[in-house]
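Down below is the structure, laid out as structure tokens.
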Amino acid sequence: MEEEKKVAPISEETKEPEANENEVVEAEVFDDDEKIEEAPAQEDATLFEKAPEEEEEGFVDDVSKKQQEEKAAKEEEIKASAEEKKAEGGAANADGISPMRIPSELEGGATQIVIPANEKGQYDYPDEKLASIEAARQKWVKSYRVGSIVKISISVVLLAAIILGWIIPTRVMGSDAGQVPLYIALGIAAVALVGMGLVSFFVKKQQKGVVATYFKEYYAGFDGYTMDIEGVDNVAGSVDDKVSKEEFEAGKVFENAYSVGSRDSITFDYKGIECALAAAAGQEQRDKRIATSFVGKFLRMHNNLNVGEDGVVIYLKGNDRAIPPTSLITRTPAIEDPSFNVYGRDKYIEALPKEAMEKMKNIQTDKLLVDVTISIQSGRTFFYLGYEDTLMVLPNKDPYNPNYAIAYKKQLAKFLEIGELLAK
């Protein structure tokens with residue numbers, strides 16, 4: 001990721017992805033075997049890059065000078081973090097390739113277009129759950145536009161009242177008016193300020209309610225579609241459910257997390273195996289600054305393995321948008337391959353089911369699934385699936401693109417299969 005791969009915010013602000021994040025490649029068929037920064041966190045929400053609340057003031061298309069300045073500053077921030085991430089990947093080997101990055105010739109491409117957009121940029125959703133996401137987005141957008149219109153209209157009326165409060169007494173009373181017009185205008189201005197404050201308060205309160213509804217409806221549709229996988233039963237949880245910092249660190253990969261934000265933590269069974277899944281974002285402190293360490297989907301499954309105290313960790317390398325776990329950068333892998341590294345003691349690595357290892361090797365990272373860390377501990381398997389903003393950020397101004405959810409669903413099914421093999 002160019003930035004810290006989505007310094008991703010649930011603060012209810014949504015960010016438009018960079019152009020290359022939306023890159024897609026046309027494909028007629030979607031085959032099953034196809035490899036498809038420093039602000040301290042104040043609350044879980046602020047870890048997800050762009051969720052809807054910021055849009056309360058800037059959702060309309062007009063861009064203020066302040067917003068332009070903020071955008072320019074953000075671009076500089078992104079540039080600086082991109083340079084830092086190059087160093088995070090580890091020193092390059094003799095061929096100039098970082099041991100924590102996949103060679104460019106092995107990189108996966110952009111997400112395939114299964115459902116193309118029409119000339120208006122709209123999609124024909126094949127599933128009612130995907131369609132429900134777009135319906136929720138449209139309702140949210142409409143609410144913000146109406147709220148903006150209401151605030152602007154009332155502001156114009158109150159401003160006009162102040163002006164008329166000055167002009168009318170002046171015209172009517174003439175030279176006898178003295179300071180009367182000024183006092184009247186000031187009185188109206190005071191009332192107007194109170195009025196504008198009340199309007200802003202109630203509009204903002206109403207919009208926050210709409211945001212909360214949008215989040216619930218988005219994840220209801222998203223989970224309803226992506227969890228419709230053969231073998232998945234008893235799905236429970238909601239967008240408000242979260243993952244604890246202790247749970248996030250239980251995989252022994254991100255052990256020094258500064259903060260962990262999460263949402264939509266759900267539980268389910270997969271072919272009788274207890275599982276849990278959440279959208280999560282981690283931050284860690286590096287040299288007196290807070291940096292993103294992970295953004296993506298955090299999957300956990302029970303296993304029946306004994307892999308010692310430290311377990312076995314498989315890191316599937318990604319492109320320059322990936323964030324390799326800092327805990328692995330200084331470790332020497334037991335197995336080093338151009339596309340993955342394996343860490344752990346040989347006897348535990350050799351004891352892993354061969355079929356599960358083969359399936360892991362066949363997972364290809366790409367411009368959606370940017371990297372994967374699989375931590376196999378005794379009794380539990382932790383999948384840290386690093387995903388791009390195109391999947392993790394809720395849609396705002398543009399119609400909902402279902403292709404990322406479709407690709408993610410197919411990838412999730414493969415990880416569940418791996419988890420099943422490790423549980424045998």
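Every chain in the structure tokens takes a letter, A first, then B, and so on in the order presented; its residues are numbered from 1, and the ligands are numbered from 1 following the presented order.
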Would you list the contacts of Leu158 in chain A as a VMD selection string, taking every protein, DNA or RNA residue within 9 Å and counting only C-alpha atoms, but skipping same-chain residues closer than 5 positions in sequence?
chain A and resid 153 163 188 to 189 191 to 193 195 to 196
Excluding Asp269 in chain A and residues on its chain fewer than 6 positions from it, collect all residues at most 8 Å away from it, counting only C-alpha atoms, and give them as a VMD selection string.
chain A and resid 231 to 235 275
For Gly237 in chain A, find every residue with an atom within 9 Å (counting only C-alpha atoms), except residues of its own chain fewer than 5 positions away, and show them as a PyMOL selection string.
chain A and resi 264-268
Can you spit out the residues from that selection as a short mmCIF file (atom, residue, chain, number, x, y, z; two decimals), in the first residue's frame, using N, CA, C and O atoms?
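Written out: selection.cif:
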data_model
loop_
_atom_site.label_atom_id
_atom_site.label_comp_id
_atom_site.auth_asym_id
_atom_site.auth_seq_id
_atom_site.Cartn_x
_atom_site.Cartn_y
_atom_site.Cartn_z
N ASP A 264 -17.84 -5.29 12.76
CA ASP A 264 -18.45 -6.45 12.11
C ASP A 264 -17.77 -7.75 12.50
O ASP A 264 -17.39 -8.55 11.66
N SER A 265 -17.61 -7.96 13.80
CA SER A 265 -17.03 -9.22 14.28
C SER A 265 -18.14 -10.27 14.37
O SER A 265 -19.09 -10.11 15.14
N ILE A 266 -18.02 -11.28 13.56
CA ILE A 266 -19.06 -12.32 13.51
C ILE A 266 -18.46 -13.68 13.85
O ILE A 266 -17.27 -13.90 13.71
N THR A 267 -19.31 -14.58 14.29
CA THR A 267 -18.92 -15.96 14.54
C THR A 267 -19.76 -16.86 13.66
O THR A 267 -20.88 -16.51 13.26
N PHE A 268 -19.24 -18.02 13.35
CA PHE A 268 -19.97 -18.97 12.52
C PHE A 268 -19.31 -20.34 12.61
O PHE A 268 -18.22 -20.49 13.18
#
Determine, counting only C-alpha atoms, which protein, DNA and RNA residues have an atom within 12 Å of an atom of Lys151 in chain A; residues of the same chain fewer than 5 positions away are not included. Present the result as a ChimeraX atom specification.
/A:56-57,144-146,156-158,195-204
Using DSSP secondary structure from the backbone, list all helix (DSSP H, G or I) positions within range 255-365 of chain A, as an MDAnalysis selection string.
chainID A and resid 326:329 346:350 354:361
Selected residues written out with all heavy atoms, as a compact mmCIF listing (two decimals), in the first residue's frame:
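part-v3.txt written:
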# COMPACT_ATOMS: atom_id res chain seq x y z
N THR A 326 6.18 -6.51 11.16
CA THR A 326 7.53 -6.17 11.60
C THR A 326 8.15 -7.29 12.44
O THR A 326 9.38 -7.42 12.50
CB THR A 326 7.53 -4.87 12.42
OG1 THR A 326 6.55 -4.97 13.46
CG2 THR A 326 7.20 -3.69 11.53
N SER A 327 7.33 -8.13 13.05
CA SER A 327 7.85 -9.23 13.85
C SER A 327 8.55 -10.28 12.99
O SER A 327 9.34 -11.08 13.51
CB SER A 327 6.71 -9.89 14.64
OG SER A 327 5.79 -10.51 13.76
N LEU A 328 8.25 -10.28 11.68
CA LEU A 328 8.86 -11.27 10.80
C LEU A 328 10.09 -10.75 10.07
O LEU A 328 10.92 -11.54 9.62
CB LEU A 328 7.83 -11.74 9.76
CG LEU A 328 6.55 -12.39 10.28
CD1 LEU A 328 5.66 -12.80 9.12
CD2 LEU A 328 6.88 -13.60 11.16
N ILE A 329 10.19 -9.43 9.95
CA ILE A 329 11.27 -8.85 9.15
C ILE A 329 12.65 -9.24 9.66
O ILE A 329 13.58 -9.46 8.89
CB ILE A 329 11.11 -7.31 9.09
CG1 ILE A 329 9.85 -6.97 8.27
CG2 ILE A 329 12.34 -6.65 8.48
CD1 ILE A 329 9.52 -5.50 8.26
N ASP A 346 11.50 -26.80 12.11
CA ASP A 346 11.31 -27.76 11.01
C ASP A 346 10.34 -28.88 11.37
O ASP A 346 9.50 -29.26 10.55
CB ASP A 346 12.66 -28.37 10.59
CG ASP A 346 13.56 -27.36 9.91
OD1 ASP A 346 13.03 -26.33 9.44
OD2 ASP A 346 14.79 -27.59 9.83
N LYS A 347 10.44 -29.42 12.57
CA LYS A 347 9.60 -30.57 12.90
C LYS A 347 8.12 -30.22 12.92
O LYS A 347 7.28 -31.06 12.59
CB LYS A 347 10.02 -31.19 14.23
CG LYS A 347 9.76 -30.31 15.46
CD LYS A 347 10.11 -31.10 16.73
CE LYS A 347 9.80 -30.30 17.99
NZ LYS A 347 10.09 -31.09 19.22
N TYR A 348 7.81 -28.98 13.27
CA TYR A 348 6.40 -28.57 13.29
C TYR A 348 5.92 -28.23 11.88
O TYR A 348 4.76 -28.50 11.53
CB TYR A 348 6.21 -27.38 14.22
CG TYR A 348 6.50 -27.69 15.67
CD1 TYR A 348 7.35 -26.88 16.41
CD2 TYR A 348 5.91 -28.79 16.30
CE1 TYR A 348 7.62 -27.16 17.75
CE2 TYR A 348 6.18 -29.08 17.63
CZ TYR A 348 7.04 -28.27 18.35
OH TYR A 348 7.29 -28.57 19.67
N ILE A 349 6.82 -27.67 11.09
CA ILE A 349 6.45 -27.38 9.70
C ILE A 349 6.17 -28.68 8.96
O ILE A 349 5.19 -28.80 8.22
CB ILE A 349 7.58 -26.59 9.00
CG1 ILE A 349 7.75 -25.22 9.66
CG2 ILE A 349 7.28 -26.43 7.51
CD1 ILE A 349 8.94 -24.43 9.13
N GLU A 350 7.03 -29.66 9.16
CA GLU A 350 6.86 -30.94 8.48
C GLU A 350 5.61 -31.68 8.93
O GLU A 350 5.07 -32.51 8.19
CB GLU A 350 8.10 -31.82 8.72
CG GLU A 350 9.35 -31.27 8.06
CD GLU A 350 10.62 -31.99 8.49
OE1 GLU A 350 10.51 -32.93 9.32
OE2 GLU A 350 11.71 -31.60 8.03
N LYS A 354 0.11 -31.85 4.33
CA LYS A 354 0.71 -31.48 3.04
C LYS A 354 -0.30 -30.79 2.13
O LYS A 354 0.04 -29.84 1.42
CB LYS A 354 1.27 -32.73 2.35
CG LYS A 354 2.39 -33.42 3.13
CD LYS A 354 3.59 -32.50 3.26
CE LYS A 354 4.76 -33.19 3.92
NZ LYS A 354 4.55 -33.44 5.37
N GLU A 355 -1.54 -31.25 2.14
CA GLU A 355 -2.56 -30.65 1.28
C GLU A 355 -2.82 -29.20 1.67
O GLU A 355 -3.01 -28.33 0.81
CB GLU A 355 -3.86 -31.46 1.35
CG GLU A 355 -4.89 -31.00 0.34
CD GLU A 355 -6.16 -31.82 0.37
OE1 GLU A 355 -6.23 -32.82 1.14
OE2 GLU A 355 -7.11 -31.46 -0.36
N ALA A 356 -2.80 -28.93 2.98
CA ALA A 356 -3.02 -27.56 3.45
C ALA A 356 -1.88 -26.66 2.99
O ALA A 356 -2.10 -25.53 2.54
CB ALA A 356 -3.12 -27.54 4.98
N MET A 357 -0.64 -27.17 3.08
CA MET A 357 0.51 -26.39 2.63
C MET A 357 0.43 -26.10 1.14
O MET A 357 0.75 -24.99 0.68
CB MET A 357 1.81 -27.12 2.97
CG MET A 357 2.10 -27.20 4.45
SD MET A 357 2.34 -25.55 5.21
CE MET A 357 3.90 -25.06 4.47
N GLU A 358 0.00 -27.07 0.36
CA GLU A 358 -0.11 -26.87 -1.09
C GLU A 358 -1.16 -25.82 -1.41
O GLU A 358 -0.96 -24.98 -2.30
CB GLU A 358 -0.46 -28.19 -1.78
CG GLU A 358 0.70 -29.17 -1.86
CD GLU A 358 1.90 -28.59 -2.60
OE1 GLU A 358 1.70 -27.96 -3.66
OE2 GLU A 358 3.03 -28.75 -2.11
N LYS A 359 -2.25 -25.86 -0.70
CA LYS A 359 -3.31 -24.86 -0.94
C LYS A 359 -2.83 -23.46 -0.56
O LYS A 359 -3.17 -22.48 -1.21
CB LYS A 359 -4.57 -25.22 -0.16
CG LYS A 359 -5.38 -26.35 -0.79
CD LYS A 359 -6.67 -26.57 -0.04
CE LYS A 359 -7.52 -27.65 -0.74
NZ LYS A 359 -8.05 -27.16 -2.03
N MET A 360 -2.03 -23.36 0.50
CA MET A 360 -1.48 -22.06 0.88
C MET A 360 -0.57 -21.52 -0.22
O MET A 360 -0.62 -20.35 -0.58
CB MET A 360 -0.68 -22.18 2.19
CG MET A 360 -1.51 -22.44 3.43
SD MET A 360 -0.46 -22.48 4.91
CE MET A 360 -1.44 -23.54 5.98
N LYS A 361 0.27 -22.40 -0.77
CA LYS A 361 1.20 -22.00 -1.81
C LYS A 361 0.46 -21.55 -3.07
O LYS A 361 0.97 -20.74 -3.84
CB LYS A 361 2.14 -23.15 -2.16
CG LYS A 361 3.07 -23.55 -1.02
CD LYS A 361 3.89 -24.78 -1.41
CE LYS A 361 4.74 -25.24 -0.23
NZ LYS A 361 5.51 -26.47 -0.57
Distance query range 391-404 of chain A at most 7 Å, only C-alpha atoms, self and fewer than 2 positions along chain excluded, as a list in words
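The residues that qualify are Thr14, Lys50, Ala51, Thr111, Ile113, Val114, Ile115, Gly121, Gln122, Leu130, Glu134, Arg137, Gly296, Tyr387, Glu388, Asp389, Ile406, Ala407 and Tyr408 of chain A.
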Near Phe298 in chain A, within 6 Å and counting only C-alpha atoms, which residues show up once chain neighbours fewer than 2 positions away are dropped, as JSON, numbers by chain?
{"A": [277, 278, 383, 384]}
Which residues, written as an mmCIF file with C-alpha atoms, in the first residue's frame, have at least one atom at most 8 Å from Gly282 in chain A, with only C-alpha atoms counted and residues fewer than 4 positions away on the same chain left out?
data_model
loop_
_atom_site.group_PDB
_atom_site.id
_atom_site.type_symbol
_atom_site.label_atom_id
_atom_site.label_comp_id
_atom_site.auth_asym_id
_atom_site.auth_seq_id
_atom_site.Cartn_x
_atom_site.Cartn_y
_atom_site.Cartn_z
ATOM 1 C CA LEU A 47 -8.258 3.162 12.347
ATOM 2 C CA ALA A 257 -0.042 -3.456 18.820
ATOM 3 C CA TYR A 258 -0.512 0.168 19.886
ATOM 4 C CA SER A 259 -4.221 -0.045 19.234
ATOM 5 C CA VAL A 260 -6.653 -2.279 17.413
ATOM 6 C CA GLY A 261 -9.855 -1.157 15.760
ATOM 7 C CA THR A 292 -0.506 1.157 10.508
ATOM 8 C CA SER A 293 0.498 -2.475 10.846
ATOM 9 C CA PHE A 294 -2.558 -4.216 9.406
ATOM 10 C CA VAL A 295 -5.842 -3.521 7.674
#
Gap from CA of Arg263 in chain A to CA of Glu247 in chain A - Å, one decimal
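Those two atoms sit 13.7 Å apart.
CA of Ala160 in chain A lies 19.5 Å from CA of Gln179 in chain A.
Shortest separation to Arg300 in chain A among A:Gly379, A:Pro353, A:Gly272, A:Gly224 occurs at residue A:Gly379, atoms counted being only C-alpha atoms.
Of the listed residues A:Phe382, A:Trp166, A:Tyr343, A:Trp140, the one whose atoms come nearest to Leu299 in chain A is A:Phe382, with distances taken using only C-alpha atoms.
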Using only C-alpha atoms, the best pick from A:Leu316, A:Ile273, A:Met227, A:Val342 as closest to Gly419 in chain A would be A:Ile273
